[in-house]
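Visitor: Below is the structure I would like to discuss, written out as structure tokens.
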Amino acid sequence: MSDNTSAPPAAWPLVALFTAGYVAPYLLPTVVGRLDAHLPLSPAQAGLVGTALLLGSATAGFTLASRIPRLGPRPLARLGLLLAALGYGTAASTALLPLVVAGVVVGGFGSGTATAVTAAGIAGHRDPHRVSSLGLLSVSATAGALYLTLPHLGGGHGLPFAAIALVAALAWPATGRLGGPTRPGPAVRSSGRPPHPRAGAVLAGCLLLWSLTQEALWGVSGRIGAEQAGLSEAALGAVFAVALGAGLLGVTGASAFGTRLGRAVPIGAGTAAIAGCVVLTSSADGPTGFAAGEILWNAVYPVVLSYVIGLAAALDPRGRWAVFAGAASSLGTACGPVVGSLLAEAFGFPGMGLVLGGLLLAVAGPLTAVALHAGRSPAATAAEPELRVEIAAPAIPTGAGKPRRVLLLSPAARRGQKARAER
């Protein structure tokens with residue numbers, strides 16, 4: 001009898017791929033800032049180039065969500081890393097605006113492909129929360145190191161793109177530990193529709209709005225610090241560096257604590273805490289309040305994100321909801337800077353913070369409800385296939401010439417059979 005199931009993927013290749021896929025969004029502020037400073041682009045146009053990058057990433061996620069098992073994680077991961085290296089490398093090597101934009105879009109699609117494969121792999125891992133926490137820790141450390149290093153390596157728009165391409169190239173050896181295309185055996189039957197469709201759709205929609213609010217604030221944080229809190233450029237850089245360090249500590253704590261409280265409490269309470277940080281940061285009229293808001297926000301945000309990634313993985317062990325949720329998050333991130341700028345112009349920074357904080361509180365309830373639903377009805381059990389294995393019994397001297405066939409049901413199938421009998 002052949003075994004058509006694959007072993008859960010190792011953690012370190014997924015962490016490497018996670019880092020390569022997410023480093024571009026993490027470096028978006030410096031990417032947009034250098035495009036504005038060194039190319040004939042206005043701040044709004046440079047922001048649109050960053051939005052194009054994130055839209056390319058979201059497109060990859062929506063396109064590949066249901067195709068990863070059939071196409072295979074290894075070929076798709078290598079394709080994504082190749083597109084990222086070529087796209088961002090092209091954007092780094094030329095000052096021709098059409099080529100820069102084309103390279104950014106291609107690179108964004110490559111980053112999205114890498115994150116889609118990562119999301120599917122995390123969903124199939126024995127401990128999704130631990131892997132997602134390690135991934136966030138890795139990408140935060142990488143982005144923090146680049147934020148500290150890039151200013152000392154010279155000017156020009158291409159340096160951040162070259163760094164992202166280099167990270168993609170360094171992740172290539174990790175793809176050798178990923179699997180190829182899989183074809184389930186005839187005895188294993190699975191629906192093409194992801195389990196828990198309503199909960200998954202609510203999660204994806206809420207995560208779009210959740211990510212939009214984060215990026216809306218991040219997109220104008222520099223302006224708030226400089227124009228409203230009165231910080232210099234050097235002081236702003238110091239605040240952001242400390243905030244990234246707080247994020248590393250937060251993710252480390254979340255990884256060590258695990259899911260002892262489940263997912264509902266960290267997601268619900270964490271989102272409410274983020275809403276308070278958003279209001280505090282946007283209304284700060286001095287360095288202390290601004291620094292406190294930024295540091296607390298960056299400490300809590302990756303913690304909640306690690307639990308959200310684990311929640312998406314719990315809804316479907318095949319990773320389809322994880323990929324859809326990641327693509328929805330990329331879409332919200334792409335729209336965030338535009339929304340933040342529009343809200344700031346319409347209501348000022350404090351008014352923008354109140355709107356964003358209210359939006360976060362509005363999605364905290366549905367996110368918590370989905371986490372409670374996943375805790376009551378784990379998708380790993382609900383989606384477990386009814387594996388039927390035929391075992392030939394020893395031949396009996398008297399009786400039929402054909403061997404008996406014993407039908408073994410999976411635990412999920414036996415529970416379902418017992419429930420039907422009781423009804």
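The way I read the labels, and the way they are meant: chains A, B, ... in the order of the structure tokens, residue 1 as the first residue of every chain, and ligand 1 as the first ligand shown, with later ones counted on from there.
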Output as a tab-separated table one row per residue of segment 284-323 of chain A within 12 Å of segment 139-151 of chain A: the closest atom pair and its distance in Å to one decimal place, counting only C-alpha atoms, sorted by chain and residue number ascending.

Guide:
residue	atom	partner	partner_atom	distance
A:Asn298	CA	A:Ser140	CA	10.3
A:Ala299	CA	A:Ser140	CA	11.1
A:Tyr301	CA	A:Ser140	CA	11.7
A:Pro302	CA	A:Ser140	CA	9.0
A:Val303	CA	A:Ser140	CA	11.8

Visitor: Taking only C-alpha atoms into account, produce a table as CSV in which each residue of segment 95-157 of chain A with an atom at most 7 Å from an atom of segment 56-69 of chain A appears once, together with its shortest atom pair and the distance in Å to one decimal, ordered by chain and rising number.

Guide:
residue,atom,partner,partner_atom,distance
A:Val105,CA,A:Gly56,CA,5.5
A:Gly108,CA,A:Ser57,CA,4.7
A:Phe109,CA,A:Gly56,CA,4.5
A:Ser111,CA,A:Ser57,CA,5.9
A:Gly112,CA,A:Ser57,CA,3.8
A:Thr113,CA,A:Ala60,CA,5.4
A:Ala116,CA,A:Gly61,CA,5.4
A:Val117,CA,A:Ile68,CA,6.9

Visitor: Go ahead and save the picked residues with C-alpha atoms, as a JSON list (two decimals), in the first residue's frame.

Guide:
[["chain", "number", "residue", "atom", "x", "y", "z"],
["A", 105, "VAL", "CA", 5.27, 44.66, -9.85],
["A", 108, "GLY", "CA", 5.80, 41.97, -5.66],
["A", 109, "PHE", "CA", 4.23, 38.98, -7.39],
["A", 111, "SER", "CA", 7.09, 38.04, -2.84],
["A", 112, "GLY", "CA", 3.40, 37.12, -2.80],
["A", 113, "THR", "CA", 4.15, 33.70, -4.26],
["A", 116, "ALA", "CA", 1.51, 31.98, -0.27],
["A", 117, "VAL", "CA", 3.73, 28.89, -0.19]]

Visitor: Would you mind listing what lies within 12 Å of Leu342 of chain A as an MDAnalysis selection string, with only C-alpha atoms counted and same-chain residues fewer than 4 positions away left out?

Guide: chainID A and resid 44 216:217 219:220 335:338 346:349 351:352 355

Visitor: Within 7 Å of segment 251-268 of chain A, which residues of segment 61-143 of chain A show up? Give each one with its shortest atom-to-atom distance in Å (one decimal) and the two atoms involved, counting only C-alpha atoms, rows by chain then rising residue number, as a tab-separated table.

Guide:
residue	atom	partner	partner_atom	distance
A:His129	CA	A:Gly258	CA	6.9
A:Arg130	CA	A:Ser255	CA	5.5
A:Ser133	CA	A:Ser255	CA	5.4
A:Leu136	CA	A:Val251	CA	6.9
A:Leu137	CA	A:Val251	CA	6.0

Visitor: So the first atom is atom CA of Gly47 of chain A and the second is atom CA of Ser341 of chain A; what is the distance between them in Å, to one decimal place?

Guide: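 Rounded to one decimal, the two atoms are 10.3 Å apart.
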
Visitor: If we count only C-alpha atoms, what is near Val300 of chain A at a cut-off of 7 Å, once residues fewer than 3 positions away on the same chain are taken out, given as a compact mmCIF listing (two decimals) with N, CA, C and O atoms, in the first residue's frame?

Guide:
# COMPACT_ATOMS: atom_id res chain seq x y z
N GLY A 250 8.23 41.17 21.67
CA GLY A 250 6.86 40.69 21.69
C GLY A 250 6.69 39.36 21.00
O GLY A 250 6.02 38.45 21.52
N GLY A 270 -5.62 41.76 22.09
CA GLY A 270 -4.51 42.40 21.38
C GLY A 270 -4.97 43.43 20.38
O GLY A 270 -4.38 44.51 20.26
N ILE A 274 -4.16 47.40 20.31
CA ILE A 274 -3.62 48.10 19.14
C ILE A 274 -4.46 49.34 18.85
O ILE A 274 -3.92 50.40 18.50
N LEU A 296 4.68 50.66 21.88
CA LEU A 296 3.66 49.71 22.31
C LEU A 296 2.96 49.07 21.12
O LEU A 296 2.68 47.86 21.12
N TRP A 297 2.67 49.86 20.11
CA TRP A 297 2.01 49.34 18.91
C TRP A 297 2.86 48.27 18.24
O TRP A 297 2.39 47.18 17.92
N VAL A 303 2.62 40.22 17.66
CA VAL A 303 2.10 39.16 18.52
C VAL A 303 0.72 38.73 18.04
O VAL A 303 0.43 37.54 17.85
N VAL A 304 -0.16 39.71 17.83
CA VAL A 304 -1.51 39.40 17.35
C VAL A 304 -1.45 38.75 15.98
O VAL A 304 -2.17 37.78 15.69

Visitor: From a DSSP calculation on the backbone, collect every residue of segment 72-254 of chain A in alpha helix (DSSP H) and output the set as a PyMOL selection string.

Guide: chain A and resi 73-93+97-123+128-149+158-170+197-223+233-254

Visitor: Quick one: of A:Leu305, A:Val167, A:Leu280, A:Ala123, who's nearest to Gly319 of chain A, counting only C-alpha atoms?

Guide: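 Of A:Leu305, A:Val167, A:Leu280, A:Ala123, the one nearest Gly319 of chain A, counting only C-alpha atoms, is A:Ala123.
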